[in-house]
$ cat data25.cif   # mmCIF, C-alpha atoms
data_final
#
loop_
_atom_site.label_atom_id
_atom_site.label_comp_id
_atom_site.auth_asym_id
_atom_site.auth_seq_id
_atom_site.Cartn_x
_atom_site.Cartn_y
_atom_site.Cartn_z
CA MET A 8 -122.42 -2.53 -107.88
CA GLN A 9 -122.25 1.23 -107.44
CA PRO A 10 -121.72 2.69 -110.89
CA GLN A 11 -122.08 6.23 -109.53
CA LEU A 12 -118.88 5.85 -107.48
CA ILE A 13 -115.27 5.87 -108.64
CA ILE A 14 -112.13 5.03 -106.69
CA CYS A 15 -108.75 6.65 -107.28
CA GLU A 16 -106.36 3.84 -108.21
CA HIS A 17 -103.40 5.68 -106.72
CA CYS A 18 -104.70 6.38 -103.22
CA ASP A 19 -108.06 4.62 -102.78
CA SER A 20 -110.13 7.80 -102.33
CA VAL A 21 -113.82 7.39 -103.17
CA TYR A 22 -115.74 9.96 -105.22
CA GLN A 23 -119.09 10.40 -106.88
CA ARG A 24 -118.55 9.87 -110.61
CA PRO A 25 -118.34 13.35 -112.13
CA ALA A 26 -120.17 14.19 -115.34
CA LEU A 27 -117.44 15.31 -117.72
CA THR A 28 -117.66 17.01 -121.07
CA PRO A 29 -115.12 15.91 -123.71
CA LYS A 30 -111.58 17.13 -122.93
CA GLN A 31 -112.50 17.84 -119.29
CA THR A 32 -110.48 15.92 -116.72
CA ALA A 33 -111.08 15.08 -113.08
CA HIS A 34 -108.16 14.81 -110.67
CA CYS A 35 -107.99 13.24 -107.23
CA GLN A 36 -108.16 15.81 -104.43
CA ARG A 37 -105.92 13.76 -102.18
CA CYS A 38 -103.07 12.61 -104.43
CA GLY A 39 -103.57 14.62 -107.62
CA ALA A 40 -103.77 11.58 -109.92
CA LEU A 41 -106.01 11.61 -112.97
CA LEU A 42 -109.38 10.15 -112.01
CA GLU A 43 -111.26 10.35 -115.23
CA ARG A 44 -111.05 12.01 -118.60
CA GLY A 45 -114.03 13.15 -120.60
CA ARG A 46 -114.25 10.83 -123.55
CA HIS A 47 -113.05 12.51 -126.73
CA LEU A 48 -113.51 9.77 -129.29
CA THR A 49 -116.78 7.99 -129.97
CA THR A 50 -116.93 4.24 -130.62
CA ASP A 51 -117.27 4.89 -134.35
CA GLN A 52 -114.23 7.13 -134.40
CA LEU A 53 -112.19 4.66 -132.37
CA LEU A 54 -113.12 1.85 -134.72
CA ALA A 55 -112.22 3.92 -137.78
CA LEU A 56 -108.82 4.77 -136.30
CA THR A 57 -108.28 1.11 -135.38
CA VAL A 58 -108.90 0.03 -138.98
CA ALA A 59 -106.47 2.70 -140.18
CA ALA A 60 -103.95 1.48 -137.60
CA ALA A 61 -104.33 -2.10 -138.85
CA ILE A 62 -103.53 -1.05 -142.43
CA LEU A 63 -100.56 1.06 -141.31
CA PHE A 64 -99.32 -1.79 -139.12
CA MET A 65 -99.19 -4.09 -142.15
CA LEU A 66 -97.35 -1.47 -144.20
CA ALA A 67 -94.93 -0.70 -141.38
CA ASN A 68 -94.04 -4.37 -141.11
CA ALA A 69 -94.04 -5.26 -144.81
CA PHE A 70 -91.71 -2.50 -145.99
CA PRO A 71 -88.17 -1.67 -144.86
CA ILE A 72 -87.83 0.98 -142.19
CA VAL A 73 -84.39 2.19 -143.20
CA GLU A 74 -82.15 1.55 -146.22
CA ILE A 75 -78.40 2.10 -146.25
CA SER A 76 -75.81 2.00 -148.99
CA MET A 77 -72.03 2.03 -149.00
CA GLN A 78 -69.60 1.68 -151.92
CA GLY A 79 -72.22 0.24 -154.22
CA LEU A 80 -73.53 -2.22 -151.66
CA SER A 81 -76.93 -1.68 -150.09
CA ASN A 82 -78.93 -3.15 -147.28
CA GLU A 83 -82.30 -2.60 -145.66
CA ALA A 84 -83.97 -3.55 -142.39
CA THR A 85 -87.58 -4.20 -141.43
CA LEU A 86 -88.95 -4.17 -137.87
CA TRP A 87 -88.83 -7.96 -137.83
CA ALA A 88 -85.20 -7.99 -139.02
CA SER A 89 -84.30 -5.71 -136.10
CA VAL A 90 -85.84 -8.14 -133.66
CA GLU A 91 -84.02 -11.01 -135.38
CA ALA A 92 -80.70 -9.19 -135.12
CA LEU A 93 -80.95 -9.57 -131.33
CA ALA A 94 -81.99 -13.22 -131.54
CA GLU A 95 -78.55 -14.71 -131.70
CA GLY A 96 -76.70 -16.69 -129.10
CA ARG A 97 -76.94 -15.79 -125.45
CA ILE A 98 -79.01 -12.64 -125.78
CA THR A 99 -82.06 -14.21 -127.46
CA ILE A 100 -84.34 -13.41 -124.52
CA ILE A 101 -83.98 -9.71 -125.21
CA ALA A 102 -85.23 -10.31 -128.76
CA LEU A 103 -88.47 -11.60 -127.21
CA VAL A 104 -88.90 -8.41 -125.18
CA THR A 105 -88.14 -6.27 -128.22
CA GLY A 106 -90.53 -8.29 -130.40
CA LEU A 107 -93.25 -7.87 -127.79
CA SER A 108 -92.76 -4.14 -127.46
CA ILE A 109 -92.61 -3.14 -131.13
CA ILE A 110 -94.54 -5.88 -132.97
CA PHE A 111 -96.67 -8.25 -130.89
CA ALA A 112 -98.11 -5.83 -128.31
CA PRO A 113 -99.25 -3.25 -130.91
CA ALA A 114 -100.60 -6.05 -133.15
CA LEU A 115 -102.62 -7.56 -130.31
CA GLN A 116 -103.88 -4.13 -129.26
CA ILE A 117 -105.17 -3.49 -132.79
CA ILE A 118 -106.78 -6.93 -133.12
CA LEU A 119 -108.46 -6.87 -129.69
CA LEU A 120 -109.66 -3.27 -130.08
CA GLY A 121 -111.02 -4.05 -133.54
CA TRP A 122 -112.93 -7.06 -132.22
CA VAL A 123 -114.36 -5.30 -129.18
CA LEU A 124 -115.23 -2.08 -131.01
CA TYR A 125 -116.76 -3.81 -134.03
CA HIS A 126 -119.28 -5.52 -131.75
CA ALA A 127 -119.76 -2.44 -129.56
CA ARG A 128 -120.77 -0.47 -132.62
CA GLY A 129 -123.86 -2.63 -132.96
CA GLY A 130 -124.49 -2.30 -129.22
CA ARG A 131 -123.34 -5.88 -128.62
CA ILE A 132 -120.87 -7.22 -126.08
CA ALA A 133 -118.22 -9.08 -128.09
CA PRO A 134 -117.66 -12.77 -127.30
CA GLY A 135 -114.75 -12.90 -124.86
CA PHE A 136 -115.26 -9.20 -124.06
CA ARG A 137 -113.96 -9.55 -120.50
CA THR A 138 -110.76 -11.33 -121.56
CA CYS A 139 -110.12 -8.87 -124.41
CA MET A 140 -110.57 -5.82 -122.19
CA ARG A 141 -108.33 -7.22 -119.47
CA ALA A 142 -105.67 -8.16 -122.02
CA LEU A 143 -105.78 -4.59 -123.35
CA GLU A 144 -105.16 -3.23 -119.83
CA HIS A 145 -102.13 -5.47 -119.39
CA LEU A 146 -100.67 -4.86 -122.86
CA ARG A 147 -100.68 -1.07 -122.60
CA PRO A 148 -97.38 -0.62 -120.70
CA TRP A 149 -95.51 -3.00 -123.03
CA SER A 150 -96.40 -1.30 -126.29
CA MET A 151 -93.45 0.96 -127.09
CA LEU A 152 -93.78 2.20 -130.66
CA GLU A 153 -92.96 5.79 -129.70
CA VAL A 154 -89.69 4.69 -128.13
CA CYS A 155 -88.95 2.67 -131.26
CA LEU A 156 -89.59 5.69 -133.44
CA LEU A 157 -87.07 7.77 -131.48
CA GLY A 158 -84.66 4.82 -131.67
CA ILE A 159 -84.96 4.73 -135.46
CA LEU A 160 -84.22 8.44 -135.73
CA ILE A 161 -81.15 8.05 -133.53
CA ALA A 162 -79.95 5.05 -135.58
CA ILE A 163 -80.35 7.09 -138.76
CA ILE A 164 -78.28 9.97 -137.35
CA LYS A 165 -75.69 7.55 -135.99
CA LEU A 166 -75.20 5.86 -139.36
CA ALA A 167 -75.49 8.99 -141.49
CA GLY A 168 -71.93 9.89 -140.51
CA MET A 169 -70.50 6.68 -141.96
CA LEU A 170 -72.69 5.82 -144.93
CA GLU A 171 -75.70 6.82 -146.99
CA VAL A 172 -79.02 6.40 -145.21
CA HIS A 173 -82.54 6.60 -146.65
CA ALA A 174 -85.82 6.40 -144.80
CA GLY A 175 -87.90 3.48 -146.10
CA LEU A 176 -91.63 3.39 -146.77
CA GLY A 177 -92.06 1.46 -143.54
CA LEU A 178 -90.82 4.41 -141.51
CA TRP A 179 -93.58 6.72 -142.70
CA ALA A 180 -96.23 4.09 -141.97
CA MET A 181 -94.63 3.48 -138.59
CA ALA A 182 -94.65 7.20 -137.70
CA MET A 183 -98.36 7.49 -138.46
CA LEU A 184 -99.09 4.20 -136.71
CA THR A 185 -97.41 5.49 -133.55
CA VAL A 186 -99.74 8.48 -133.42
CA LEU A 187 -102.80 6.30 -134.01
CA ILE A 188 -101.80 3.78 -131.33
CA ILE A 189 -101.42 6.61 -128.82
CA LEU A 190 -104.92 7.83 -129.72
CA ILE A 191 -106.69 4.46 -129.60
CA SER A 192 -104.85 2.57 -126.87
CA GLY A 193 -105.66 5.10 -124.14
CA ARG A 194 -108.31 4.67 -121.52
CA ASP A 195 -111.22 5.78 -123.68
CA VAL A 196 -112.06 2.18 -124.38
CA ARG A 197 -112.73 1.58 -120.67
CA ASP A 198 -116.00 3.48 -121.08
CA LEU A 199 -117.35 0.47 -122.96
CA TRP A 200 -117.90 -1.31 -119.65
CA ASN A 201 -120.54 1.25 -118.70
CA GLU A 202 -121.80 2.04 -122.17
CA LEU A 203 -122.56 -1.58 -123.00
CA GLN A 204 -123.87 -2.13 -119.47
CA VAL A 205 -121.82 -5.29 -119.05
CA PRO A 206 -123.77 -7.34 -116.52
CA VAL A 207 -122.42 -7.78 -113.02
CA ARG A 208 -122.66 -11.26 -111.58
CA MET B 102 -112.40 21.26 -97.44
CA SER B 103 -112.78 17.76 -96.02
CA SER B 104 -110.79 15.01 -97.62
CA PRO B 105 -112.66 12.23 -99.43
CA PRO B 106 -113.18 8.88 -97.66
CA PHE B 107 -110.89 5.91 -98.31
CA ALA B 108 -112.41 2.90 -100.05
CA SER B 109 -111.55 0.66 -97.11
CA GLU B 110 -113.56 2.89 -94.76
CA LEU B 111 -116.64 2.28 -96.92
CA ASP B 112 -115.91 -1.45 -97.26
CA LEU B 113 -115.17 -1.07 -100.95
CA GLN B 114 -112.26 -2.00 -103.18
CA LEU B 115 -111.24 -1.15 -106.71
CA CYS B 116 -110.91 -3.60 -109.58
CA HIS B 117 -107.64 -2.65 -111.30
CA ASP B 118 -108.57 -4.18 -114.61
CA CYS B 119 -111.93 -2.56 -115.30
CA GLY B 120 -112.34 0.14 -112.66
CA GLN B 121 -115.42 -1.43 -111.10
CA VAL B 122 -116.20 -0.53 -107.50
CA CYS B 123 -116.47 -3.85 -105.63
CA GLN B 124 -117.37 -4.90 -102.09
CA SER B 125 -114.45 -5.53 -99.73
CA GLY B 126 -113.84 -9.21 -99.30
CA ALA B 127 -114.96 -10.20 -102.80
CA ILE B 128 -112.35 -12.44 -104.43
CA GLU B 129 -113.12 -11.84 -108.09
CA CYS B 130 -114.46 -8.75 -109.80
CA PRO B 131 -118.14 -9.41 -110.50
CA ARG B 132 -117.86 -7.60 -113.82
CA CYS B 133 -114.56 -8.66 -115.43
CA ASP B 134 -113.53 -11.74 -113.37
CA ALA B 135 -110.11 -10.27 -112.50
CA LEU B 136 -108.68 -11.26 -109.11
CA LEU B 137 -109.27 -8.52 -106.56
CA HIS B 138 -106.93 -7.46 -103.81
CA HIS B 139 -107.17 -4.81 -101.13
CA ARG B 140 -103.51 -3.94 -101.82
CA LYS B 141 -101.23 -5.50 -104.43
CA PRO B 142 -100.07 -8.80 -102.87
CA ASP B 143 -96.68 -8.70 -101.08
CA SER B 144 -96.08 -5.38 -102.75
CA LEU B 145 -93.12 -4.29 -100.62
CA ALA B 146 -91.24 -7.60 -100.64
CA ARG B 147 -91.70 -8.13 -104.36
CA THR B 148 -90.72 -4.59 -105.28
CA TRP B 149 -87.60 -4.82 -103.12
CA ALA B 150 -86.64 -8.13 -104.74
CA LEU B 151 -87.11 -6.82 -108.28
CA LEU B 152 -85.35 -3.55 -107.50
CA ILE B 153 -82.29 -5.20 -105.97
CA THR B 154 -82.03 -7.71 -108.83
CA ALA B 155 -82.22 -4.86 -111.32
CA LEU B 156 -79.57 -2.92 -109.42
CA ILE B 157 -77.20 -5.90 -109.51
CA LEU B 158 -77.76 -6.45 -113.25
CA TYR B 159 -77.17 -2.75 -113.88
CA VAL B 160 -73.46 -3.27 -113.10
CA PRO B 161 -72.70 -5.71 -115.98
CA ALA B 162 -75.10 -3.70 -118.16
CA ASN B 163 -72.72 -0.76 -117.88
CA LEU B 164 -69.40 -2.62 -117.78
CA LEU B 165 -69.95 -5.07 -120.64
CA PRO B 166 -69.98 -3.90 -124.26
CA VAL B 167 -73.42 -3.58 -125.83
CA MET B 168 -72.22 -3.39 -129.43
CA TYR B 169 -69.35 -4.57 -131.61
CA THR B 170 -68.49 -2.44 -134.65
CA ASP B 171 -66.23 -3.68 -137.44
CA MET B 172 -65.38 -0.99 -139.98
CA PHE B 173 -63.01 -2.00 -142.81
CA GLY B 174 -61.30 -4.59 -140.69
CA SER B 175 -60.79 -2.57 -137.53
CA GLY B 176 -63.11 -3.74 -134.79
CA SER B 177 -64.15 -1.92 -131.63
CA GLU B 178 -66.53 -2.58 -128.78
CA ASN B 179 -68.77 0.01 -127.18
CA THR B 180 -70.38 0.13 -123.78
CA ILE B 181 -73.42 2.33 -123.21
CA LEU B 182 -71.32 5.13 -121.76
CA SER B 183 -68.56 4.95 -124.37
CA GLY B 184 -71.29 5.17 -127.03
CA VAL B 185 -72.56 8.35 -125.42
CA ILE B 186 -69.04 9.80 -125.25
CA GLU B 187 -68.45 8.92 -128.92
CA PHE B 188 -71.57 10.82 -129.94
CA TRP B 189 -70.46 13.77 -127.83
CA ARG B 190 -66.98 13.85 -129.44
CA ASP B 191 -68.47 13.60 -132.93
CA GLY B 192 -70.34 16.80 -132.21
CA SER B 193 -73.82 15.24 -131.90
CA TRP B 194 -74.23 16.45 -128.34
CA ASP B 195 -78.04 16.40 -128.67
CA ILE B 196 -78.10 12.67 -129.44
CA ALA B 197 -75.57 12.06 -126.68
CA VAL B 198 -77.87 13.81 -124.21
CA ILE B 199 -80.96 11.85 -125.34
CA ILE B 200 -79.19 8.48 -125.00
CA PHE B 201 -77.63 9.52 -121.69
CA ILE B 202 -81.05 10.46 -120.28
CA ALA B 203 -82.74 7.27 -121.52
CA SER B 204 -79.96 4.86 -120.51
CA VAL B 205 -78.50 6.41 -117.36
CA VAL B 206 -80.72 9.13 -115.86
CA VAL B 207 -84.05 7.26 -116.22
CA PRO B 208 -82.89 3.91 -114.72
CA CYS B 209 -81.01 5.68 -111.90
CA ALA B 210 -84.02 7.89 -111.16
CA LYS B 211 -86.14 4.74 -110.93
CA PHE B 212 -83.73 3.04 -108.52
CA LEU B 213 -83.62 6.14 -106.35
CA VAL B 214 -87.33 6.95 -106.34
CA LEU B 215 -88.49 3.36 -105.79
CA GLY B 216 -85.91 3.00 -103.01
CA VAL B 217 -87.11 6.17 -101.28
CA LEU B 218 -90.76 5.16 -101.69
CA LEU B 219 -90.14 1.69 -100.24
CA VAL B 220 -88.23 2.99 -97.22
CA THR B 221 -90.71 5.77 -96.42
CA VAL B 222 -93.69 3.43 -96.78
CA GLN B 223 -92.08 0.89 -94.47
CA ARG B 224 -91.52 3.60 -91.88
CA ARG B 225 -95.15 4.67 -92.34
CA SER B 226 -93.87 8.17 -92.98
CA ARG B 227 -96.37 10.98 -93.46
CA TRP B 228 -93.77 13.18 -95.10
CA ALA B 229 -94.66 14.79 -98.46
CA MET B 230 -97.25 12.21 -99.37
CA ARG B 231 -98.65 14.14 -102.30
CA GLU B 232 -95.18 14.72 -103.73
CA ARG B 233 -94.21 11.07 -103.26
CA ALA B 234 -97.41 10.03 -105.03
CA ARG B 235 -96.49 12.34 -107.89
CA LEU B 236 -92.93 10.94 -108.05
CA TYR B 237 -94.37 7.45 -108.38
CA ARG B 238 -96.61 8.45 -111.28
CA PHE B 239 -93.63 10.18 -112.87
CA ILE B 240 -91.33 7.14 -112.90
CA GLU B 241 -94.22 4.95 -114.01
CA THR B 242 -94.66 7.23 -117.03
CA ILE B 243 -91.03 7.62 -118.07
CA GLY B 244 -89.82 4.09 -117.26
CA TYR B 245 -90.20 2.46 -120.65
CA TRP B 246 -88.14 5.10 -122.49
CA SER B 247 -85.04 3.27 -121.25
CA MET B 248 -85.68 0.66 -123.94
CA LEU B 249 -84.31 3.23 -126.38
CA ASP B 250 -80.75 1.93 -126.47
CA VAL B 251 -81.87 -1.67 -126.96
CA LEU B 252 -83.93 -0.64 -129.98
CA VAL B 253 -81.12 1.46 -131.45
CA VAL B 254 -78.67 -1.46 -131.17
CA ALA B 255 -81.23 -3.84 -132.70
CA LEU B 256 -81.84 -1.62 -135.72
CA VAL B 257 -78.19 -0.73 -136.32
CA ALA B 258 -77.17 -4.38 -136.05
CA ALA B 259 -79.89 -5.39 -138.50
CA LEU B 260 -78.79 -2.75 -141.00
CA VAL B 261 -75.01 -2.86 -141.05
CA GLN B 262 -74.30 -6.33 -142.41
CA PHE B 263 -71.75 -6.02 -145.22
CA ARG B 264 -69.75 -9.17 -144.66
CA ALA B 265 -66.28 -8.07 -145.76
CA LEU B 266 -66.55 -4.33 -145.34
CA SER B 267 -68.30 -3.74 -142.07
CA THR B 268 -70.64 -5.35 -139.57
CA ILE B 269 -72.25 -4.34 -136.31
CA GLU B 270 -73.24 -6.99 -133.79
CA PRO B 271 -75.05 -6.82 -130.45
CA ARG B 272 -73.05 -7.89 -127.41
CA LEU B 273 -73.92 -9.38 -124.01
CA GLY B 274 -74.26 -6.00 -122.25
CA ILE B 275 -77.48 -5.26 -124.10
CA LEU B 276 -79.06 -8.39 -122.55
CA PHE B 277 -78.30 -7.16 -119.04
CA PHE B 278 -79.45 -3.67 -119.89
CA GLY B 279 -82.72 -4.93 -121.37
CA LEU B 280 -83.33 -7.05 -118.28
CA VAL B 281 -82.75 -4.00 -116.06
CA VAL B 282 -85.40 -2.08 -118.00
CA VAL B 283 -87.93 -4.93 -117.81
CA LEU B 284 -87.27 -5.58 -114.11
CA THR B 285 -87.59 -1.92 -113.12
CA MET B 286 -90.83 -1.67 -115.13
CA ILE B 287 -92.24 -4.70 -113.30
CA ALA B 288 -90.96 -3.29 -109.99
CA ALA B 289 -92.83 -0.03 -110.59
CA MET B 290 -95.99 -1.98 -111.46
CA THR B 291 -95.63 -4.16 -108.33
CA PHE B 292 -95.34 -1.19 -106.00
CA ASP B 293 -98.73 -0.14 -104.67
CA PRO B 294 -98.93 3.66 -104.36
CA ARG B 295 -101.92 3.31 -102.03
CA LEU B 296 -99.47 2.12 -99.37
CA ILE B 297 -98.19 5.72 -99.19
CA TRP B 298 -101.61 6.84 -97.96
CA ASP B 299 -102.11 3.95 -95.58
CA ALA B 300 -99.97 5.91 -93.11
CA GLU B 301 -103.05 8.13 -92.71
CA ILE B 302 -105.10 5.21 -91.49
CA ASN B 303 -104.13 4.27 -87.98
CA ASP B 304 -104.84 0.58 -87.84
CA ASP B 305 -102.22 -1.77 -89.28
CA ARG B 306 -103.80 -3.37 -92.26
CA HIS B 307 -101.28 -2.66 -94.97
CA ALA B 308 -100.14 -5.51 -97.21
#
$ encode --input "data25.cif" --output "structure tokens"
Amino acid sequence: MQPQLIICEHCDSVYQRPALTPKQTAHCQRCGALLERGRHLTTDQLLALTVAAAILFMLANAFPIVEISMQGLSNEATLWASVEALAEGRITIIALVTGLSIIFAPALQIILLGWVLYHARGGRIAPGFRTCMRALEHLRPWSMLEVCLLGILIAIIKLAGMLEVHAGLGLWAMAMLTVLIILISGRDVRDLWNELQVPVR
Amino acid sequence: MSSPPFASELDLQLCHDCGQVCQSGAIECPRCDALLHHRKPDSLARTWALLITALILYVPANLLPVMYTDMFGSGSENTILSGVIEFWRDGSWDIAVIIFIASVVVPCAKFLVLGVLLVTVQRRSRWAMRERARLYRFIETIGYWSMLDVLVVALVAALVQFRALSTIEPRLGILFFGLVVVLTMIAAMTFDPRLIWDAEINDDRHA
């Protein structure tokens, strides 16, 4: 309705939309919250990073994260196996939360971003654009790869005292994936609403 | 320097899902179809309910063991705190501090800050509004790091499975702890920080 206005989501203050150069940020005068960030990645760059994230996601899930060995016996764990380890007996519900935060939420973010950005690259509004964009907003807080990465490091240190621990191929993929997800899942993608001039009913 | 107008004074409201500026009174966002609301619905009641539930569950989360370790036939159970102490005794004080912050300091900070925010908003307090707004953004940002211990237990339990020699299994405490993390995250999302600033507007139209 009024694309030249923006409202601070933390205190409801209304401002004229500032023109920002990349890396510039605008903060709310009243409450200090971030209003808007100059976009630092173009649609092309975002799409390229999303494709890279998709490949890394597959590697991170296909290969073991950590391998351990003790007295000739060895064992390894993938992300999925970690989720499964919680899925026994009375605590199954926590396996669902864990699965969402380290596998399903990042997977959905990559798929939805890929879909939306692929179409945006040709200047088109993807079918289901509204649903995809809203899903992305709601997924963001539940995607916790960075927490998982710290968790893996702690698990490695914890076990290193008792047995032999090796980082698996999955861990390297996972570390890079975490960085990419942080880059692509931010608010940059919100600019598509204005860039594609999504019609207002 | 005059302060900027509030959206409600201009008969506008914000769409939370896409950032569109919408007319007050509209039910759905004309751009993304999300449901609009002047303030998050029943924000105070819902946040209180979630916060109190989380606080109650935090008791068994700390008292019950989160992990069972069987090493060469001798089994032991660990709660969150005894795990921290074990790390400390083993000389890994850095890891002990990280887990302590993620599992104890962060959830307790959330209980405290959300409690203070709820009480001050209900009293329509005009005390330190900018600082309270900043506190809210702070707990919203750090909240999900509490999942750390759940993920550590999951990974360790998935790895250490040598039937006769040693096994590690998750225990009931981790369920309660995970629920505390999820509930406090939802509580922080349910709280509407704009209520802090409604104390500046004299008429009583808060949620």
$ resolve_selection --input "data25.cif" --expression "the PyMOL selection byres ((chain B) within 7 of (chain A))" --output "number ranges by chain"
B: 104-108, 115, 118-119, 122-123, 131-133, 196, 231, 234, 246, 249, 252-253, 255-260, 271, 273, 276, 279, 294-295, 298
$ residues_around --input "data25.cif" --residues "Cys139 of chain A" --least-positions-apart "4" --cutoff "9 Å" --atoms "all atoms listed in the file" --output "JSON, numbers by chain"
{"A": [119, 120, 122, 123, 133, 134, 135, 143, 144]}
$ residues_around --input "data25.cif" --residues "Leu136 of chain B" --least-positions-apart "4" --cutoff "10 Å" --atoms "only C-alpha atoms" --output "PDB file with C-alpha atoms, keeping the file's coordinate frame"
ATOM      1  CA  CYS B 116    -110.910  -3.600-109.580  1.00  0.00           C
ATOM      2  CA  HIS B 117    -107.640  -2.650-111.300  1.00  0.00           C
ATOM      3  CA  ASP B 118    -108.570  -4.180-114.610  1.00  0.00           C
ATOM      4  CA  ALA B 127    -114.960 -10.200-102.800  1.00  0.00           C
ATOM      5  CA  ILE B 128    -112.350 -12.440-104.430  1.00  0.00           C
ATOM      6  CA  GLU B 129    -113.120 -11.840-108.090  1.00  0.00           C
ATOM      7  CA  CYS B 130    -114.460  -8.750-109.800  1.00  0.00           C
ATOM      8  CA  PRO B 131    -118.140  -9.410-110.500  1.00  0.00           C
TER       9      PRO B 131
END
$ atom_distance --input "data25.cif" --atom1 "atom CA of Leu124 of chain A" --atom2 "atom CA of Ile189 of chain A"
16.5 Å
$ resolve_selection --input "data25.cif" --expression "the PyMOL selection byres ((chain A and resi 45) around 8)" --output "tab-separated table (two decimals) with C-alpha atoms, keeping the file's coordinate frame"
chain	number	residue	atom	x	y	z
A	27	LEU	CA	-117.44	15.31	-117.72
A	28	THR	CA	-117.66	17.01	-121.07
A	29	PRO	CA	-115.12	15.91	-123.71
A	30	LYS	CA	-111.58	17.13	-122.93
A	31	GLN	CA	-112.50	17.84	-119.29
A	32	THR	CA	-110.48	15.92	-116.72
A	43	GLU	CA	-111.26	10.35	-115.23
A	44	ARG	CA	-111.05	12.01	-118.60
A	46	ARG	CA	-114.25	10.83	-123.55
A	47	HIS	CA	-113.05	12.51	-126.73
$ atom_distance --input "data25.cif" --atom1 "atom CA of Leu63 of chain A" --atom2 "atom CA of Ala180 of chain A"
5.3 Å
$ atom_distance --input "data25.cif" --atom1 "atom CA of Thr154 of chain B" --atom2 "atom CA of Ala288 of chain B"
10.0 Å
$ resolve_selection --input "data25.cif" --expression "the PyMOL selection byres ((chain B and resi 163) around 9)" --output "PyMOL selection string"
chain B and resi 158-162+164-167+180-182+274+277-278
$ residues_around --input "data25.cif" --residues "Leu219 of chain B" --least-positions-apart "4" --cutoff "8 Å" --atoms "all atoms listed in the file" --output "VMD selection string"
chain B and resid 145 149 215 223
$ closest_residue --input "data25.cif" --among "A:Ile110, A:Leu203, A:Ala33, A:Val186" --to "Gly130 of chain A" --atoms "all atoms listed in the file"
A:Leu203
$ residues_around --input "data25.cif" --residues "Asp293 of chain B" --least-positions-apart "6" --cutoff "8 Å" --atoms "only C-alpha atoms" --output "compact mmCIF listing (two decimals) with C-alpha atoms, keeping the file's coordinate frame"
# COMPACT_ATOMS: atom_id res chain seq x y z
CA HIS A 17 -103.40 5.68 -106.72
CA ARG B 140 -103.51 -3.94 -101.82
CA LYS B 141 -101.23 -5.50 -104.43
CA SER B 144 -96.08 -5.38 -102.75
$ closest_residue --input "data25.cif" --among "B:Ala146, B:Ile269, B:Leu111, B:Cys209" --to "Thr291 of chain B" --atoms "only C-alpha atoms"
B:Ala146
$ residues_around --input "data25.cif" --residues "Gly216 of chain B" --least-positions-apart "6" --cutoff "10 Å" --atoms "only C-alpha atoms" --output "PyMOL selection string"
chain B and resi 148-149+152-153+210+222
$ closest_residue --input "data25.cif" --among "A:Pro71, A:Ala26, A:Gly79, A:Leu56" --to "Glu171 of chain A" --atoms "all atoms listed in the file"
A:Gly79
